[in-house]
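Below you'll find the structure, written out as structure tokens, and then a few comments.
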Amino acid sequence: MPSKLNACLLSAVMMAALLHCAPGAPLEDPNPAGDPSGDLSGDPSAEEGESSSDQLRDVWQAAIAATEHHQQQFEEEFHNRVKYIFLKRHSISSLPQSCPNSNTRKEAYLHRLVQGLLTYTVLLKHVEKEYPLEAQIYSSHLIKLISVIKEKMKRPEQITALTSSQEEQLLTDNDSPDTFNRKMTAHGIVCNLRDFLIDCKRLVIDKRERPRGSVTPVSFYPQNLKR
């Protein structure tokens with residue numbers, strides 16, 4: 001009797017092993033629900049909810065579209081006496097600088113991105129002195145984009161706006177008694193803002209739609225502000 005029982009048990013064990021290895025057998029979930037270490041904490045371009053991604057893409061694209069005709073406006077104002085490309089070389093104090101980000105985790109990247117956008121909202125106060133209507137349009141788009149990005153962050157409360165003294169320093173450093181230079185600074189801010197928005201969108205949004213490759217450096221922190 002024991003020999004028959006052992007034989008039955010051995011047969012059952014062998015059958016279970018064969019079923020476990022068979023094609024189509026269910027596998028254990030390598031990333032069970034509730035595991036906070038999923039891919040959304042890494043690559044800034046990682047997929048999220050479809051509606052959430054669509055909202056971010058739409059808001060971001062609207063901010064870029066607001067600056068779409070800036071070059072044409074600049075050339076019409078200066079009648080082509082000054083080339084638009086000159087704005088990229090025009091000196092602007094505390095403009096967010098480029099930094100590599102290929103190894104930056106999502107939360108850290110979004111933090112730096114929002115800090116850069118907040119700096120631009122202050123720089124747009126200089127633009128407002130020369131071109132009030134355009135500056136208000138740009139600012140409204142940035143404020144909305146900042147709000148949407150913060151919704152994707154785990155700790156948005158860690159984002160700190162510039163202090164009043166930092167804002168004053170930034171605007172004072174970019175001021176000038178010369179009308180032409182003030183206008184060039186205003187246009188330079190908008191030109192660099194457009195590049196900033198396009199470069200960051202390429203990493204966060206568009207990267208999902210192209211093969212893996214090199215990452216374009218983007219701008220983040222101002223370097224000259226006193227703490």
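Here's how to read the names in the structure tokens: chain A, B, ... by the order shown, residue numbers from 1 in each chain, ligand numbers from 1 in the order shown.
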
Find the residues near Glu128 of chain A: any atom within 12 Å, counting only C-alpha atoms, skip ones fewer than 2 places away on the same chain, and give them as JSON, numbers by chain. {"A": [121, 122, 123, 124, 125, 126, 130, 131, 132, 133, 134, 135, 136, 137, 138, 139, 171, 182, 183, 185, 186, 187, 189, 190]}

I need the chosen residues saved as a tab-separated table (two decimals), in the first residue's frame, with N, CA and C atoms.
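What ended up in selection.tsv:
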chain	number	residue	atom	x	y	z
A	121	THR	N	9.20	82.87	-15.56
A	121	THR	CA	8.05	83.71	-15.22
A	121	THR	C	8.50	85.04	-14.64
A	122	VAL	N	9.64	85.02	-13.94
A	122	VAL	CA	10.19	86.27	-13.41
A	122	VAL	C	10.83	87.08	-14.54
A	123	LEU	N	11.58	86.42	-15.40
A	123	LEU	CA	12.20	87.12	-16.53
A	123	LEU	C	11.15	87.78	-17.43
A	124	LEU	N	9.99	87.18	-17.50
A	124	LEU	CA	8.92	87.76	-18.34
A	124	LEU	C	8.41	89.08	-17.78
A	125	LYS	N	8.71	89.37	-16.52
A	125	LYS	CA	8.35	90.69	-15.97
A	125	LYS	C	9.17	91.79	-16.65
A	126	HIS	N	10.37	91.44	-17.07
A	126	HIS	CA	11.16	92.40	-17.87
A	126	HIS	C	10.53	92.56	-19.25
A	130	GLU	N	8.31	96.09	-21.83
A	130	GLU	CA	8.45	96.50	-23.22
A	130	GLU	C	7.28	96.02	-24.08
A	131	TYR	N	6.78	94.82	-23.79
A	131	TYR	CA	5.72	94.21	-24.59
A	131	TYR	C	4.69	93.59	-23.64
A	132	PRO	N	3.87	94.40	-23.01
A	132	PRO	CA	2.98	93.91	-21.94
A	132	PRO	C	1.98	92.83	-22.37
A	133	LEU	N	1.36	92.99	-23.53
A	133	LEU	CA	0.35	92.02	-23.96
A	133	LEU	C	0.98	90.65	-24.20
A	134	GLU	N	2.08	90.63	-24.95
A	134	GLU	CA	2.74	89.36	-25.25
A	134	GLU	C	3.24	88.68	-23.98
A	135	ALA	N	3.80	89.45	-23.06
A	135	ALA	CA	4.34	88.89	-21.82
A	135	ALA	C	3.24	88.24	-21.00
A	136	GLN	N	2.08	88.86	-20.95
A	136	GLN	CA	0.96	88.30	-20.19
A	136	GLN	C	0.50	86.98	-20.79
A	137	ILE	N	0.51	86.89	-22.11
A	137	ILE	CA	0.12	85.64	-22.77
A	137	ILE	C	1.12	84.54	-22.45
A	138	TYR	N	2.41	84.85	-22.59
A	138	TYR	CA	3.44	83.85	-22.28
A	138	TYR	C	3.34	83.40	-20.83
A	139	SER	N	3.17	84.34	-19.92
A	139	SER	CA	3.12	84.00	-18.49
A	139	SER	C	1.94	83.10	-18.16
A	171	LEU	N	15.79	91.16	-12.13
A	171	LEU	CA	15.24	92.21	-12.99
A	171	LEU	C	16.19	93.41	-13.06
A	182	ARG	N	17.24	97.21	-23.85
A	182	ARG	CA	16.13	96.63	-23.10
A	182	ARG	C	15.25	95.78	-24.00
A	183	LYS	N	15.00	96.27	-25.21
A	183	LYS	CA	14.17	95.52	-26.15
A	183	LYS	C	14.87	94.25	-26.60
A	185	THR	N	17.02	92.55	-24.86
A	185	THR	CA	16.95	91.62	-23.74
A	185	THR	C	15.59	90.96	-23.66
A	186	ALA	N	14.53	91.74	-23.85
A	186	ALA	CA	13.17	91.19	-23.82
A	186	ALA	C	12.99	90.14	-24.91
A	187	HIS	N	13.43	90.45	-26.12
A	187	HIS	CA	13.31	89.47	-27.21
A	187	HIS	C	14.20	88.25	-26.96
A	189	ILE	N	14.94	86.94	-24.09
A	189	ILE	CA	14.28	86.09	-23.10
A	189	ILE	C	13.24	85.20	-23.78
A	190	VAL	N	12.44	85.78	-24.65
A	190	VAL	CA	11.40	85.01	-25.34
A	190	VAL	C	12.02	83.96	-26.26

Suppose you want the space between atom CA of Leu170 of chain A and atom CA of Ser91 of chain A; what is it in Å? 13.0 Å

When you draw a straight line from atom CA of Leu118 of chain A to atom CA of Glu151 of chain A, how long is it in Å?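 For atom CA of Leu118 of chain A relative to atom CA of Glu151 of chain A, the distance reads 15.5 Å.
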
Could you check which of A:Ile143, A:Val148, A:Ile205, A:Leu193 is closest to Ala65 of chain A, using only C-alpha atoms?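 Ranked by minimum distance to Ala65 of chain A, first place goes to A:Leu193.
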
What does the distance from atom CA of Ile85 of chain A to atom CA of Glu168 of chain A come to in Å, to one decimal?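 Going from atom CA of Ile85 of chain A over to atom CA of Glu168 of chain A covers 28.3 Å.
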
With distances taken over only C-alpha atoms, which residue among A:Leu110, A:Ile159, A:Ile64, A:Val127 lies nearest Asp199 of chain A? A:Ile64
